[in-house]
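File shown here: work_22.csv, holding CSV, C-alpha atoms.
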chain,number,residue,atom,x,y,z
A,25,MET,CA,-31.3,0.8,32.3
A,26,SER,CA,-29.4,3.8,33.8
A,27,THR,CA,-30.0,7.3,32.5
A,28,ALA,CA,-27.5,9.7,31.1
A,29,THR,CA,-27.4,13.4,30.3
A,30,PHE,CA,-27.7,14.5,26.7
A,31,THR,CA,-27.1,17.9,25.2
A,32,TYR,CA,-29.3,18.8,22.2
A,33,ALA,CA,-29.7,21.4,19.5
A,34,VAL,CA,-33.2,21.8,18.0
A,35,ARG,CA,-35.4,24.1,15.9
A,36,ASP,CA,-38.8,25.2,17.1
A,37,GLN,CA,-41.9,25.6,15.0
A,38,ASP,CA,-40.8,29.2,14.1
A,39,GLY,CA,-37.5,27.9,12.8
A,40,LYS,CA,-35.4,29.3,15.7
A,41,LYS,CA,-32.4,27.3,16.9
A,42,LEU,CA,-32.5,26.3,20.6
A,43,SER,CA,-30.2,24.1,22.8
A,44,GLY,CA,-30.3,22.5,26.2
A,45,SER,CA,-29.9,19.2,28.0
A,46,LEU,CA,-32.2,16.3,29.0
A,47,GLU,CA,-31.8,13.1,31.0
A,48,ALA,CA,-32.8,9.9,29.2
A,49,GLU,CA,-31.8,6.3,28.6
A,50,SER,CA,-30.8,6.7,25.0
A,51,GLN,CA,-30.4,9.2,22.1
A,52,SER,CA,-33.6,7.9,20.5
A,53,GLN,CA,-35.5,8.5,23.6
A,54,VAL,CA,-34.3,12.1,23.7
A,55,ALA,CA,-35.3,12.5,20.1
A,56,THR,CA,-38.7,11.1,20.7
A,57,LYS,CA,-39.2,13.4,23.7
A,58,LEU,CA,-38.1,16.5,21.7
A,59,LYS,CA,-40.4,15.7,18.9
A,60,SER,CA,-43.3,15.3,21.3
A,61,MET,CA,-42.5,18.9,22.5
A,62,GLY,CA,-42.8,20.2,18.9
A,63,TYR,CA,-39.1,20.5,18.2
A,64,SER,CA,-37.1,19.3,15.2
A,65,PRO,CA,-33.8,17.7,16.5
A,66,LEU,CA,-30.6,18.8,14.9
A,67,GLU,CA,-28.0,17.3,17.1
A,68,ILE,CA,-28.0,15.1,20.2
A,69,LYS,CA,-24.8,14.2,22.2
A,70,GLU,CA,-24.3,12.2,25.4
A,71,VAL,CA,-22.3,14.0,28.2
A,72,LYS,CA,-20.1,12.1,30.6
A,73,SER,CA,-19.9,13.0,34.3
A,74,GLY,CA,-17.9,16.2,34.8
A,75,GLY,CA,-19.4,17.8,31.6
A,76,MET,CA,-17.0,16.2,29.2
A,77,GLN,CA,-18.6,15.0,26.0
A,78,ARG,CA,-18.1,11.3,25.2
A,79,GLU,CA,-16.2,11.7,22.0
A,80,ILE,CA,-13.2,14.0,22.1
A,81,SER,CA,-10.8,14.2,19.2
A,82,LEU,CA,-8.3,16.6,17.7
A,83,PRO,CA,-9.5,18.4,14.6
A,84,SER,CA,-8.8,16.5,11.3
A,85,PHE,CA,-7.5,13.4,13.1
A,86,GLY,CA,-9.5,10.2,13.0
A,87,LYS,CA,-12.6,11.9,11.6
A,88,LYS,CA,-12.2,11.2,7.9
A,89,VAL,CA,-14.3,8.6,6.2
A,90,LYS,CA,-12.5,7.2,3.1
A,91,LEU,CA,-14.3,6.4,-0.1
A,92,LYS,CA,-13.3,2.8,0.2
A,93,GLU,CA,-15.1,2.6,3.5
A,94,LEU,CA,-18.2,4.2,2.0
A,95,ALA,CA,-18.1,1.7,-0.8
A,96,MET,CA,-17.9,-1.2,1.6
A,97,MET,CA,-20.7,0.1,3.7
A,98,SER,CA,-22.9,0.7,0.7
A,99,ARG,CA,-22.4,-2.9,-0.5
A,100,GLN,CA,-23.1,-4.3,2.9
A,101,PHE,CA,-26.2,-2.1,3.3
A,102,ALA,CA,-27.5,-3.1,-0.2
A,103,THR,CA,-27.0,-6.8,0.6
A,104,MET,CA,-28.9,-6.6,3.9
A,105,ILE,CA,-31.8,-4.6,2.5
A,106,ASN,CA,-32.0,-6.9,-0.5
A,107,SER,CA,-32.1,-9.9,1.9
A,108,GLY,CA,-35.2,-8.6,3.5
A,109,LEU,CA,-33.8,-7.0,6.7
A,110,SER,CA,-35.6,-3.9,8.0
A,111,LEU,CA,-33.9,-0.5,7.6
A,112,LEU,CA,-33.4,-0.1,11.3
A,113,LYS,CA,-31.9,-3.6,11.7
A,114,ALA,CA,-29.5,-3.1,8.8
A,115,LEU,CA,-28.4,0.3,10.2
A,116,THR,CA,-27.8,-1.4,13.6
A,117,ILE,CA,-25.7,-4.1,12.1
A,118,LEU,CA,-23.7,-1.6,10.1
A,119,THR,CA,-23.1,0.6,13.2
A,120,GLU,CA,-21.8,-2.4,15.1
A,121,GLN,CA,-19.5,-3.9,12.5
A,122,THR,CA,-18.1,-0.7,10.9
A,123,GLU,CA,-14.4,-0.3,12.0
A,124,ASN,CA,-14.2,3.4,11.3
A,125,LYS,CA,-15.3,5.1,14.5
A,126,GLU,CA,-16.4,8.3,12.8
A,127,LEU,CA,-18.6,6.3,10.3
A,128,SER,CA,-20.0,4.2,13.2
A,129,ARG,CA,-20.9,7.3,15.1
A,130,VAL,CA,-22.6,8.9,12.1
A,131,LEU,CA,-24.5,5.7,11.3
A,132,ARG,CA,-25.7,5.5,14.9
A,133,GLU,CA,-27.1,9.1,14.6
A,134,VAL,CA,-28.7,8.2,11.2
A,135,ARG,CA,-30.4,5.2,12.9
A,136,SER,CA,-31.7,7.4,15.7
A,137,ASP,CA,-33.1,9.8,13.1
A,138,VAL,CA,-34.8,7.0,11.1
A,139,GLU,CA,-36.1,5.5,14.4
A,140,THR,CA,-37.9,8.8,15.2
A,141,GLY,CA,-39.7,8.9,11.8
A,142,ASN,CA,-37.3,10.6,9.5
A,143,SER,CA,-36.6,9.2,6.0
A,144,LEU,CA,-33.2,7.6,5.4
A,145,SER,CA,-32.2,10.3,2.8
A,146,ALA,CA,-33.2,13.1,5.3
A,147,ALA,CA,-31.1,11.4,8.0
A,148,LEU,CA,-28.1,11.1,5.7
A,149,ALA,CA,-28.5,14.7,4.6
A,150,GLN,CA,-27.7,15.8,8.2
A,151,HIS,CA,-24.1,14.5,7.6
A,152,GLU,CA,-23.1,15.9,4.2
A,153,ASP,CA,-19.4,15.9,5.4
A,154,VAL,CA,-19.6,12.1,5.3
A,155,PHE,CA,-22.2,11.2,2.7
A,156,PRO,CA,-21.7,13.0,-0.7
A,157,PRO,CA,-24.7,14.6,-2.5
A,158,LEU,CA,-24.7,11.8,-5.0
A,159,PHE,CA,-25.3,9.3,-2.2
A,160,ILE,CA,-28.0,11.3,-0.6
A,161,ASN,CA,-29.9,12.2,-3.8
A,162,MET,CA,-29.8,8.6,-5.1
A,163,THR,CA,-31.1,7.3,-1.8
A,164,ARG,CA,-34.0,9.8,-2.0
A,165,ALA,CA,-34.8,8.7,-5.5
A,166,GLY,CA,-34.8,5.1,-4.4
A,167,GLU,CA,-37.1,5.9,-1.5
A,168,VAL,CA,-39.6,7.7,-3.7
A,169,GLY,CA,-39.5,5.0,-6.4
A,170,GLY,CA,-39.7,2.1,-4.0
A,171,PHE,CA,-36.4,0.5,-5.2
A,172,LEU,CA,-34.0,1.5,-2.4
A,173,ASP,CA,-32.2,-1.9,-2.5
A,174,SER,CA,-31.3,-1.6,-6.2
A,175,VAL,CA,-30.2,2.1,-5.7
A,176,LEU,CA,-27.9,1.1,-2.8
A,177,THR,CA,-26.4,-1.6,-5.1
A,178,GLN,CA,-25.8,1.0,-7.8
A,179,ILE,CA,-24.2,3.4,-5.2
A,180,ALA,CA,-21.9,0.5,-4.1
A,181,GLU,CA,-21.0,-0.3,-7.7
A,182,ASN,CA,-20.3,3.3,-8.4
A,183,TYR,CA,-18.0,3.8,-5.4
A,184,GLU,CA,-16.3,0.4,-6.0
A,185,ALA,CA,-15.4,1.5,-9.6
A,186,GLU,CA,-14.1,4.8,-8.3
A,187,VAL,CA,-12.0,3.1,-5.6
A,188,LYS,CA,-10.7,0.7,-8.3
A,189,LEU,CA,-9.7,3.5,-10.6
A,190,ARG,CA,-8.0,5.4,-7.8
A,191,GLY,CA,-6.1,2.3,-6.8
A,192,LYS,CA,-4.8,1.7,-10.3
A,193,VAL,CA,-3.5,5.3,-10.6
A,194,LYS,CA,-1.9,5.1,-7.1
A,195,ALA,CA,-0.3,1.8,-7.8
A,196,ALA,CA,1.1,2.9,-11.1
A,197,MET,CA,2.5,6.2,-9.7
A,198,THR,CA,4.0,4.7,-6.4
A,199,TYR,CA,7.3,3.5,-7.9
A,200,PRO,CA,8.2,6.7,-9.8
A,201,VAL,CA,7.3,8.8,-6.7
A,202,VAL,CA,9.4,6.6,-4.4
A,203,VAL,CA,12.4,6.7,-6.8
A,204,PHE,CA,12.1,10.5,-7.1
A,205,VAL,CA,12.0,11.0,-3.3
A,206,MET,CA,15.0,8.7,-2.9
A,207,ALA,CA,16.9,10.6,-5.5
A,208,ILE,CA,16.2,13.9,-3.7
A,209,LEU,CA,17.2,12.5,-0.4
A,210,GLY,CA,20.4,10.9,-1.9
A,211,VAL,CA,21.5,14.1,-3.6
A,212,THR,CA,20.7,16.2,-0.5
A,213,GLY,CA,22.7,13.7,1.7
A,214,MET,CA,25.7,13.9,-0.6
A,215,LEU,CA,25.7,17.7,-0.6
A,216,LEU,CA,25.3,17.9,3.2
A,217,PHE,CA,27.7,15.2,4.4
A,218,ILE,CA,30.0,14.0,1.6
A,219,VAL,CA,30.9,17.1,-0.4
A,220,PRO,CA,32.0,19.1,2.8
A,221,VAL,CA,34.6,16.3,3.5
A,222,PHE,CA,36.1,16.7,0.0
A,223,ALA,CA,35.9,20.5,0.3
A,224,GLY,CA,38.1,20.3,3.4
A,225,LEU,CA,40.5,18.2,1.4
A,226,PHE,CA,40.5,20.6,-1.6
A,227,ALA,CA,41.3,23.5,0.8
A,228,ASP,CA,44.9,22.2,1.0
A,229,PHE,CA,45.4,22.5,-2.7
A,230,ASP,CA,47.3,25.6,-3.9
A,231,SER,CA,45.8,25.5,-7.4
A,232,GLN,CA,42.4,26.7,-8.4
A,233,LEU,CA,39.7,24.0,-8.4
A,234,PRO,CA,37.9,23.1,-11.6
A,235,ALA,CA,34.6,25.0,-12.3
A,236,PRO,CA,32.3,21.9,-11.7
A,237,THR,CA,34.0,21.3,-8.3
A,238,ARG,CA,33.7,25.0,-7.3
A,239,PHE,CA,30.0,24.9,-8.2
A,240,LEU,CA,29.4,21.7,-6.2
A,241,VAL,CA,31.2,23.2,-3.2
A,242,TRP,CA,29.1,26.3,-3.5
A,243,LEU,CA,25.9,24.2,-3.8
A,244,SER,CA,26.9,22.3,-0.7
A,245,GLY,CA,27.2,25.5,1.3
A,246,MET,CA,23.9,26.8,0.0
A,247,MET,CA,22.2,23.5,0.9
A,248,LYS,CA,23.1,24.0,4.6
A,249,ILE,CA,21.0,27.1,4.5
A,250,MET,CA,18.3,25.8,2.1
A,251,ALA,CA,17.7,22.4,3.7
A,252,PRO,CA,16.1,23.7,6.9
A,253,LEU,CA,14.1,26.2,5.0
A,254,GLY,CA,13.0,23.5,2.6
A,255,ILE,CA,11.9,21.3,5.5
A,256,VAL,CA,9.9,24.2,7.0
A,257,ALA,CA,8.4,25.0,3.6
A,258,MET,CA,7.4,21.3,3.1
A,259,ILE,CA,5.8,21.1,6.5
A,260,ALA,CA,3.9,24.4,5.9
A,261,PHE,CA,2.7,23.1,2.5
A,262,PHE,CA,1.4,19.8,3.9
A,263,ILE,CA,-0.5,21.7,6.6
A,264,THR,CA,-1.8,24.5,4.4
A,265,TRP,CA,-2.6,22.6,1.1
A,266,PRO,CA,-5.5,20.5,2.5
A,267,LYS,CA,-7.2,23.7,3.7
A,268,VAL,CA,-6.8,25.7,0.6
A,269,LYS,CA,-7.0,23.1,-2.3
A,270,ARG,CA,-10.8,23.5,-2.5
A,271,ASN,CA,-10.7,27.3,-2.4
A,272,PRO,CA,-12.3,28.5,-5.7
A,273,LYS,CA,-9.4,30.9,-6.3
A,274,VAL,CA,-6.8,28.1,-5.9
A,275,ARG,CA,-8.8,25.7,-8.1
A,276,ASN,CA,-9.2,28.3,-10.9
A,277,VAL,CA,-5.4,28.4,-11.2
A,278,VAL,CA,-4.4,24.8,-10.4
A,279,ASP,CA,-7.2,22.8,-12.3
A,280,PRO,CA,-6.6,24.3,-15.8
A,281,LEU,CA,-2.8,23.7,-15.3
A,282,LYS,CA,-3.5,20.0,-14.5
A,283,LEU,CA,-5.2,19.6,-17.8
A,284,LYS,CA,-2.4,21.4,-19.7
A,285,ALA,CA,0.4,19.4,-18.0
A,286,PRO,CA,2.7,17.9,-20.7
A,287,ILE,CA,2.5,14.2,-19.7
A,288,PHE,CA,-0.1,14.0,-17.0
A,289,GLY,CA,-2.7,16.4,-18.4
A,290,PRO,CA,-4.4,13.8,-20.7
A,291,LEU,CA,-4.5,11.3,-17.7
A,292,VAL,CA,-6.2,13.9,-15.5
A,293,ALA,CA,-8.8,14.6,-18.2
A,294,LYS,CA,-9.6,10.9,-18.7
A,295,ILE,CA,-10.1,10.4,-15.0
A,296,ALA,CA,-12.4,13.4,-14.8
A,297,LEU,CA,-14.4,12.3,-17.8
A,298,SER,CA,-14.7,8.7,-16.5
A,299,ARG,CA,-16.0,10.1,-13.1
A,300,PHE,CA,-18.5,12.4,-15.0
A,301,ALA,CA,-19.9,9.6,-17.1
A,302,ARG,CA,-20.1,7.0,-14.3
A,303,ASN,CA,-21.8,9.4,-11.8
A,304,LEU,CA,-24.3,10.8,-14.3
A,305,GLY,CA,-25.2,7.3,-15.6
A,306,THR,CA,-25.7,6.0,-12.1
A,307,MET,CA,-27.9,8.9,-11.1
A,308,MET,CA,-30.0,8.7,-14.3
A,309,LYS,CA,-30.5,5.0,-13.9
A,310,SER,CA,-31.7,5.6,-10.3
A,311,GLY,CA,-34.4,8.0,-11.5
A,312,VAL,CA,-32.8,11.3,-10.4
A,313,PRO,CA,-34.0,14.2,-12.7
A,314,ILE,CA,-31.5,15.2,-15.3
A,315,LEU,CA,-31.1,18.8,-14.1
A,316,GLN,CA,-30.5,17.7,-10.5
A,317,SER,CA,-28.1,15.0,-11.7
A,318,LEU,CA,-26.0,17.5,-13.7
A,319,ASP,CA,-25.9,19.9,-10.7
A,320,ILE,CA,-24.6,17.1,-8.5
A,321,VAL,CA,-22.3,15.5,-11.0
A,322,ALA,CA,-20.6,18.9,-11.8
A,323,SER,CA,-19.2,19.0,-8.3
A,324,THR,CA,-17.9,15.4,-8.3
A,325,THR,CA,-15.6,15.6,-11.4
A,326,GLY,CA,-12.7,17.0,-9.4
A,327,ASN,CA,-11.8,19.6,-12.0
A,328,VAL,CA,-13.2,23.1,-12.2
A,329,VAL,CA,-12.9,23.3,-16.0
A,330,LEU,CA,-15.2,20.3,-16.4
A,331,GLU,CA,-17.4,21.6,-13.6
A,332,ARG,CA,-18.0,24.9,-15.5
A,333,ALA,CA,-18.7,23.1,-18.8
A,334,ILE,CA,-21.3,20.9,-17.1
A,335,ASN,CA,-22.9,23.9,-15.5
A,336,ALA,CA,-23.2,25.6,-18.9
A,337,VAL,CA,-24.7,22.4,-20.3
A,338,GLN,CA,-27.2,22.4,-17.5
A,339,GLU,CA,-28.3,25.8,-18.4
A,340,SER,CA,-28.8,24.8,-22.0
A,341,VAL,CA,-30.8,21.7,-21.0
A,342,ARG,CA,-32.9,23.9,-18.7
A,343,GLN,CA,-33.8,26.0,-21.8
A,344,GLY,CA,-35.0,22.9,-23.6
A,345,GLU,CA,-31.9,21.7,-25.6
A,346,ALA,CA,-30.8,18.1,-25.7
A,347,LEU,CA,-28.0,17.0,-23.4
A,348,ALA,CA,-25.4,16.0,-26.1
A,349,LYS,CA,-25.7,19.0,-28.3
A,350,PRO,CA,-24.3,21.7,-25.8
A,351,LEU,CA,-21.4,19.4,-25.1
A,352,GLU,CA,-20.0,20.2,-28.5
A,353,GLN,CA,-19.3,23.8,-27.4
A,354,HIS,CA,-16.8,22.6,-24.8
A,355,PRO,CA,-13.4,21.2,-25.9
A,356,VAL,CA,-13.0,19.3,-22.7
A,357,PHE,CA,-15.5,16.8,-24.0
A,358,PRO,CA,-14.0,14.7,-26.8
A,359,PRO,CA,-16.1,14.2,-30.0
A,360,MET,CA,-16.4,10.5,-29.1
A,361,VAL,CA,-18.2,11.3,-25.8
A,362,VAL,CA,-20.6,13.7,-27.6
A,363,GLN,CA,-21.5,11.2,-30.3
A,364,MET,CA,-22.0,8.3,-27.9
A,365,MET,CA,-24.2,10.4,-25.7
A,366,SER,CA,-26.2,11.6,-28.7
A,367,VAL,CA,-26.8,8.0,-29.8
A,368,GLY,CA,-27.8,7.2,-26.2
A,369,GLU,CA,-30.4,10.0,-26.2
A,370,ASP,CA,-31.8,8.9,-29.6
A,371,THR,CA,-32.2,5.3,-28.5
A,372,GLY,CA,-33.4,6.0,-25.0
A,373,GLN,CA,-30.4,4.3,-23.4
A,374,LEU,CA,-28.4,7.2,-22.2
A,375,ASP,CA,-27.6,5.7,-18.9
A,376,ALA,CA,-26.2,2.5,-20.5
A,377,MET,CA,-24.2,4.6,-23.0
A,378,LEU,CA,-22.7,6.6,-20.1
A,379,TYR,CA,-21.6,3.4,-18.4
A,380,LYS,CA,-19.9,2.4,-21.6
A,381,ILE,CA,-18.1,5.8,-21.8
A,382,SER,CA,-17.0,5.3,-18.2
A,383,GLU,CA,-15.6,1.8,-18.9
A,384,PHE,CA,-13.8,3.1,-22.0
A,385,PHE,CA,-12.0,5.9,-20.0
A,386,ASP,CA,-11.3,3.5,-17.1
A,387,GLN,CA,-9.5,1.3,-19.6
A,388,GLU,CA,-7.7,4.3,-21.1
A,389,VAL,CA,-6.6,5.4,-17.7
A,390,GLU,CA,-5.2,2.0,-16.9
A,391,ALA,CA,-3.4,1.8,-20.3
A,392,THR,CA,-2.0,5.4,-19.8
A,393,THR,CA,-0.8,4.8,-16.3
A,394,GLU,CA,1.0,1.6,-17.4
A,395,ALA,CA,2.6,3.4,-20.4
A,396,LEU,CA,3.7,6.3,-18.1
A,397,THR,CA,5.2,3.9,-15.6
A,398,ALA,CA,7.1,2.1,-18.3
A,399,LEU,CA,8.4,5.4,-19.7
A,400,ILE,CA,9.1,7.2,-16.4
A,401,GLU,CA,11.0,4.3,-14.6
A,402,PRO,CA,14.0,4.2,-17.0
A,403,LEU,CA,14.0,8.0,-17.4
A,404,MET,CA,14.2,8.5,-13.7
A,405,ILE,CA,16.9,5.9,-13.2
A,406,ALA,CA,18.9,7.5,-16.0
A,407,PHE,CA,18.3,10.9,-14.5
A,408,LEU,CA,19.4,9.8,-11.0
A,409,GLY,CA,22.5,8.0,-12.4
A,410,ALA,CA,23.4,11.2,-14.4
A,411,ILE,CA,23.1,13.4,-11.3
A,412,VAL,CA,25.1,11.2,-9.0
A,413,GLY,CA,27.7,10.5,-11.7
A,414,ALA,CA,28.2,14.2,-12.4
A,415,MET,CA,28.6,14.8,-8.6
A,416,ILE,CA,31.2,12.1,-8.3
A,417,VAL,CA,33.2,13.3,-11.4
A,418,ALA,CA,33.1,16.9,-10.0
A,419,MET,CA,34.5,15.7,-6.7
A,420,TYR,CA,37.3,13.7,-8.2
A,421,MET,CA,38.3,16.1,-10.9
A,422,PRO,CA,40.8,18.0,-8.5
A,423,ILE,CA,42.4,14.6,-7.6
A,424,PHE,CA,42.8,13.7,-11.3
A,425,SER,CA,44.4,17.2,-11.9
A,426,LEU,CA,46.8,16.7,-8.9
A,427,MET,CA,47.8,13.2,-10.2
A,428,ASN,CA,48.6,14.8,-13.6
A,429,VAL,CA,50.8,17.4,-12.0
A,430,ILE,CA,52.7,14.7,-10.0
A,431,ASN,CA,53.2,12.6,-13.1

Would you write the structure of this file as structure tokens?
Amino acid sequence: MSTATFTYAVRDQDGKKLSGSLEAESQSQVATKLKSMGYSPLEIKEVKSGGMQREISLPSFGKKVKLKELAMMSRQFATMINSGLSLLKALTILTEQTENKELSRVLREVRSDVETGNSLSAALAQHEDVFPPLFINMTRAGEVGGFLDSVLTQIAENYEAEVKLRGKVKAAMTYPVVVFVMAILGVTGMLLFIVPVFAGLFADFDSQLPAPTRFLVWLSGMMKIMAPLGIVAMIAFFITWPKVKRNPKVRNVVDPLKLKAPIFGPLVAKIALSRFARNLGTMMKSGVPILQSLDIVASTTGNVVLERAINAVQESVRQGEALAKPLEQHPVFPPMVVQMMSVGEDTGQLDAMLYKISEFFDQEVEATTEALTALIEPLMIAFLGAIVGAMIVAMYMPIFSLMNVIN
């Protein structure tokens, strides 16, 4: 087998970070050699001839691992481990059959780390940008308790439920969004291309145009200036928003507004509560300590208001209180959730009760999205018809006035 050059980053026994290059047949051979030298490998990459690294990609393109892909990988991983395959063999198969190149690359590195003696959870923890804390901590609990296969199954079920929930919301919201976008494009097109034609025709009239027509002509003139600015602003938003949406200052403003939104606020709250109950139930069933579970679950809810409430509850639990009692101090948790969790604690079946809460809110989200879709569709169609109808009437009003003068 031919050798290749690998660059590496390691930590020595004093904790200092070092880097360099070695020639070897594989990444695992490099890792083994570095460990024998007393180093802890952090990163190993193969270098092609000419000094170019094998994997070159533009930032943010092709490097995202979707939740659906993680769910599928978790299910396949759980099935193979449950069937008796060794950890290394299962990771090898996953690496070869995973279609996402970034996930395949990460799994290859995880396999190399496991091959050199690291635990699976420690190897996954080297890639926190791909594997969420929930995934890593549940895997660690499964390794310690000796039930990794069942934990991987729970992870798969958790992510599959999350993917299903997101899919329902997206499917319900697709039609209204498409209608809204088409309405915006239609109105913009009429203002830019049709109204100017009528404006040129109206210029030959000696009489003053009706007020609605004058407003429409003015709006058409403004649109010629605003349309390019709007396009630039939209492009800037789509580039900037992914970078700032997780900024604490932005979340402190946006997340409370999401919960207070007139129509969509209750839907956002139900999604966050469903996510909280499902993730907490999954982690507790896997044997993750309650304080650690709350710490991880707080960051997975997707809303800073719920996150703050869970952090406050965590502090109360750390001081010896029961889990359900502190929830009463936070309005974001409905009384039903508090009562069901209290019953779960009293009967020793808190994880099962959390799953029931999650299923309840999943059904509520589905019913709410269907109701919103049924309500929004006719409203948007009526709104679009009213806007287009008003524009047509405004354009033809001078013609009707001219016909009255002729008659």

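The spacing separating CA of Phe385 in chain A from CA of Ser298 in chain A amounts to 5.2 Å.
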
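Take CA of Ala346 in chain A and CA of Gly305 in chain A: the distance between them is 15.8 Å.
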
Per residue of range 110-208 of chain A within 9 Å of range 407-419 of chain A, record the nearest atom pair and its distance in Å to one decimal, counting only C-alpha atoms, with rows in chain order and ascending residue number, as a tab-separated table.
residue	atom	partner	partner_atom	distance
A:Val203	CA	A:Leu408	CA	8.7
A:Phe204	CA	A:Leu408	CA	8.3
A:Ala207	CA	A:Leu408	CA	6.1
A:Ile208	CA	A:Leu408	CA	9.0

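Taking CA of Leu315 in chain A and CA of Ala147 in chain A as endpoints, the distance between them is 23.3 Å.
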
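When all atoms listed in the file are used to compute distances to Pro272 in chain A, the closest of the residues A:Val34, A:Val328, A:Val341, A:Leu225 turns out to be A:Val328.
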
Closest of A:Met197, A:Ile249, A:Val241, A:Val329 to Pro280 in chain A - atom-to-atom distances counting only C-alpha atoms: A:Val329

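Shortest atom-to-atom contact with Thr198 in chain A among A:Ala406, A:Leu46, A:Glu401, A:Thr325: A:Glu401, counting only C-alpha atoms.
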
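Considering the residues A:Glu93, A:Arg342, A:Glu47, A:Tyr199 and counting all atoms listed in the file, Ala398 in chain A has its shortest atom-to-atom contact with A:Tyr199.
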
Of the candidates A:Leu144, A:Gly108, A:Arg132, A:Glu123, which shows the shortest atom-to-atom distance to Ile68 in chain A, using only C-alpha atoms? A:Arg132

Axis-aligned box over every listed atom of range 321-336 of chain A, padded by 8 Å per side: centre and edges in Å to one decimal, as lines of an AutoDock Vina configuration file?
center_x = -17.5
center_y = 20.5
center_z = -13.6
size_x = 27.4
size_y = 26.2
size_z = 26.6

Which residues of range 229-304 of chain A have any atom within 12 Å of an atom in range 366-379 of chain A when counting all atoms listed in the file, and what is the closest pair of atoms for each, with the distance in Å to one decimal? Order the rows by chain and rising number and write it as CSV.
residue,atom,partner,partner_atom,distance
A:Leu297,CA,A:Leu378,CA,10.3
A:Ser298,CA,A:Tyr379,CA,8.9
A:Arg299,CA,A:Tyr379,CA,10.2
A:Phe300,CA,A:Leu378,CA,8.8
A:Ala301,CA,A:Leu378,CA,5.1
A:Arg302,CA,A:Tyr379,CA,5.7
A:Asn303,CA,A:Leu378,CA,8.8
A:Leu304,CA,A:Leu378,CA,7.3

Determine the nearest neighbour of Leu291 in chain A from the options A:Gly213, A:Ser317, A:Ala395, A:Phe261, counting all atoms listed in the file. A:Ala395

Give me the residues near Gly169 in chain A as a ChimeraX atom specification, where near means some atom within 9 Å (using only C-alpha atoms) and where sequence neighbours in that chain fewer than 5 positions away do not count. /A:164,310-311

Taking 5 positions as the minimum chain separation for residues in the same chain, which residues sit within 8 Å of Ala322 in chain A when counting all atoms listed in the file? Answer as a ChimeraX atom specification. /A:300,330-332,334-335

With the input short on atoms, add N, CA, C and O atoms back to range 347-356 of chain A and write it as a PDB file, in the frame of the given file.
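What landed in rebuild.pdb:
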ATOM      1  N   LEU A 347     -29.217  16.995 -24.296  1.00  0.00           N
ATOM      2  CA  LEU A 347     -28.000  17.000 -23.400  1.00  0.00           C
ATOM      3  C   LEU A 347     -26.739  16.957 -24.249  1.00  0.00           C
ATOM      4  O   LEU A 347     -25.784  17.665 -23.930  1.00  0.00           O
ATOM      5  N   ALA A 348     -26.694  16.169 -25.325  1.00  0.00           N
ATOM      6  CA  ALA A 348     -25.400  16.000 -26.100  1.00  0.00           C
ATOM      7  C   ALA A 348     -25.047  17.218 -26.864  1.00  0.00           C
ATOM      8  O   ALA A 348     -23.856  17.521 -26.992  1.00  0.00           O
ATOM      9  N   LYS A 349     -26.010  17.928 -27.413  1.00  0.00           N
ATOM     10  CA  LYS A 349     -25.700  19.000 -28.300  1.00  0.00           C
ATOM     11  C   LYS A 349     -24.855  20.124 -27.660  1.00  0.00           C
ATOM     12  O   LYS A 349     -23.845  20.553 -28.245  1.00  0.00           O
ATOM     13  N   PRO A 350     -25.170  20.613 -26.448  1.00  0.00           N
ATOM     14  CA  PRO A 350     -24.300  21.700 -25.800  1.00  0.00           C
ATOM     15  C   PRO A 350     -22.917  21.216 -25.513  1.00  0.00           C
ATOM     16  O   PRO A 350     -22.030  22.060 -25.367  1.00  0.00           O
ATOM     17  N   LEU A 351     -22.702  19.901 -25.412  1.00  0.00           N
ATOM     18  CA  LEU A 351     -21.400  19.400 -25.100  1.00  0.00           C
ATOM     19  C   LEU A 351     -20.356  19.766 -26.177  1.00  0.00           C
ATOM     20  O   LEU A 351     -19.158  19.878 -25.922  1.00  0.00           O
ATOM     21  N   GLU A 352     -20.856  19.922 -27.424  1.00  0.00           N
ATOM     22  CA  GLU A 352     -20.000  20.200 -28.500  1.00  0.00           C
ATOM     23  C   GLU A 352     -19.274  21.587 -28.368  1.00  0.00           C
ATOM     24  O   GLU A 352     -18.213  21.825 -28.947  1.00  0.00           O
ATOM     25  N   GLN A 353     -19.864  22.470 -27.570  1.00  0.00           N
ATOM     26  CA  GLN A 353     -19.300  23.800 -27.400  1.00  0.00           C
ATOM     27  C   GLN A 353     -18.130  23.829 -26.409  1.00  0.00           C
ATOM     28  O   GLN A 353     -17.491  24.864 -26.232  1.00  0.00           O
ATOM     29  N   HIS A 354     -17.833  22.679 -25.791  1.00  0.00           N
ATOM     30  CA  HIS A 354     -16.800  22.600 -24.800  1.00  0.00           C
ATOM     31  C   HIS A 354     -15.709  21.624 -25.161  1.00  0.00           C
ATOM     32  O   HIS A 354     -15.975  20.414 -25.205  1.00  0.00           O
ATOM     33  N   PRO A 355     -14.502  22.111 -25.453  1.00  0.00           N
ATOM     34  CA  PRO A 355     -13.400  21.200 -25.900  1.00  0.00           C
ATOM     35  C   PRO A 355     -13.024  20.143 -24.944  1.00  0.00           C
ATOM     36  O   PRO A 355     -12.406  19.153 -25.352  1.00  0.00           O
ATOM     37  N   VAL A 356     -13.381  20.318 -23.659  1.00  0.00           N
ATOM     38  CA  VAL A 356     -13.000  19.300 -22.700  1.00  0.00           C
ATOM     39  C   VAL A 356     -13.706  17.985 -22.910  1.00  0.00           C
ATOM     40  O   VAL A 356     -13.237  16.935 -22.473  1.00  0.00           O
TER      41      VAL A 356
END
